[in-house]
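Undergrad: I am attaching a structure below and will ask some questions about it afterwards.
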Amino acid sequence: MSNLILGVDPGSRRTGFGVISVNGGDLRHVDHGVIQLQENWSLSERLRVLSEQLELVYRKHVIAMTVVEKIFFGKNADSAFKLGHARGVCLLASARNGAVVHEYAARFVKKCVTGSGAASKDHVQLVIGNLLGLKTAVALDASDALALAVTHAREAENQELIRQAMEKSL
């Protein structure tokens with residue numbers, strides 16, 4: 001059984017991804033990157049390329065779980081719709097490859113990783129780099145994706161501890 005978690009920070013122009021392995025409480029960096037989607041491409045072309053590039057990640061690694069950032073509602077409806085389409089591609093790629101999907105809001109991830117839901121992307125990048133022992137800075141989109149994966153690993157560990165405590169109390 002795979003112990004790999006794929007974090008995905010979806011976007012219609014840049015989608016970050018990050019893969020970590022989880023062994024007990026030990027988190028290890030496996031892979032990361034940013035899928036670049038050209039602004040001058042049509043939305044359908046960007047979504048096609050995003051789908052193809054995500055499939056390559058799933059072929060390279062046996063992913064057990066995928067963690068995708070929840071959509072947030074900003075002031076620009078057009079941007080929100082494009083982000084929604086990119087998220088849909090990410091969710092579909094996960095389903096096609098048999099990975100269980102989890103979703104977290106950006107503020108929750110920032111709080112889990114840095115202690116503050118208002119942390120900057122640079123702060124998240126710094127903490128993730130230190131936590132995973134990365135020698136060089138990771139692109140912001142990739143560090144956000146790694147933060148999603150780390151958040152899920154921590155949440156899963158917390159849920160397991162709660163489950164064990166509940167069993168002992170019965």
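If you're wondering about the labels, chains in the structure tokens are A, B, ... by order shown, residues count from 1 in each chain, ligands from 1 in order shown.
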So that I can check the secondary structure, give me every residue of region 64-141 of chain A assigned strand (DSSP E) by backbone DSSP, as an NGL selection string.

TA: :A and (64-69 or 100-104)

Undergrad: I'd like the contact shell of region 49-52 of chain A - 7 Å cut-off, only C-alpha atoms, skipping same-chain residues fewer than 5 positions apart - returned as a PDB file with N, CA, C and O atoms, in the first residue's frame.

TA:
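Saved the output as out36.pdb:
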ATOM      1  N   ILE A  35       3.287  23.082 -12.771  1.00  0.00           N
ATOM      2  CA  ILE A  35       2.811  22.884 -14.133  1.00  0.00           C
ATOM      3  C   ILE A  35       2.460  24.258 -14.682  1.00  0.00           C
ATOM      4  O   ILE A  35       1.553  24.924 -14.182  1.00  0.00           O
ATOM      5  N   VAL A  89     -10.324  19.352 -12.953  1.00  0.00           N
ATOM      6  CA  VAL A  89      -9.331  18.501 -13.629  1.00  0.00           C
ATOM      7  C   VAL A  89      -8.502  17.746 -12.591  1.00  0.00           C
ATOM      8  O   VAL A  89      -8.233  16.551 -12.735  1.00  0.00           O
ATOM      9  N   ALA A  93      -8.390  13.700 -12.219  1.00  0.00           N
ATOM     10  CA  ALA A  93      -7.131  12.950 -12.318  1.00  0.00           C
ATOM     11  C   ALA A  93      -6.959  12.050 -11.102  1.00  0.00           C
ATOM     12  O   ALA A  93      -6.527  10.891 -11.220  1.00  0.00           O
TER      13      ALA A  93
END

Undergrad: For Leu6 (chain A), list every protein, DNA or RNA residue within 12 Å, evaluated using only C-alpha atoms, and leave out those in the same chain fewer than 5 positions away; present the list as a PyMOL selection string.

TA: chain A and resi 16-22+29-33+54+57-58+60-69+90-91+93-94+97+99-103+142-153

Undergrad: Using Å and a single decimal, report how far CA of Ala105 (chain A) sits from CA of Asp78 (chain A).

TA: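 Going from CA of Asp78 (chain A) over to CA of Ala105 (chain A) covers 19.8 Å.
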
Undergrad: Considering only C-alpha atoms, can you say which of A:Arg107, A:Val113, A:Glu55, A:Asn76 comes closest to Ala95 (chain A)?

TA: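 Result for the nearest residue to Ala95 (chain A): A:Glu55.
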
Undergrad: Could you tell me, as a count of residues only, which residues of chain A DSSP assigns to helix (DSSP H, G or I) when given the backbone?

TA: 88

Undergrad: From the set A:Ile71, A:Leu47, A:Ala86, A:Ala137, which residue has the shortest atom-to-atom contact distance to Pro10 (chain A), counting only C-alpha atoms?

TA: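 With only C-alpha atoms as the atom set, the closest residue is A:Ala86.
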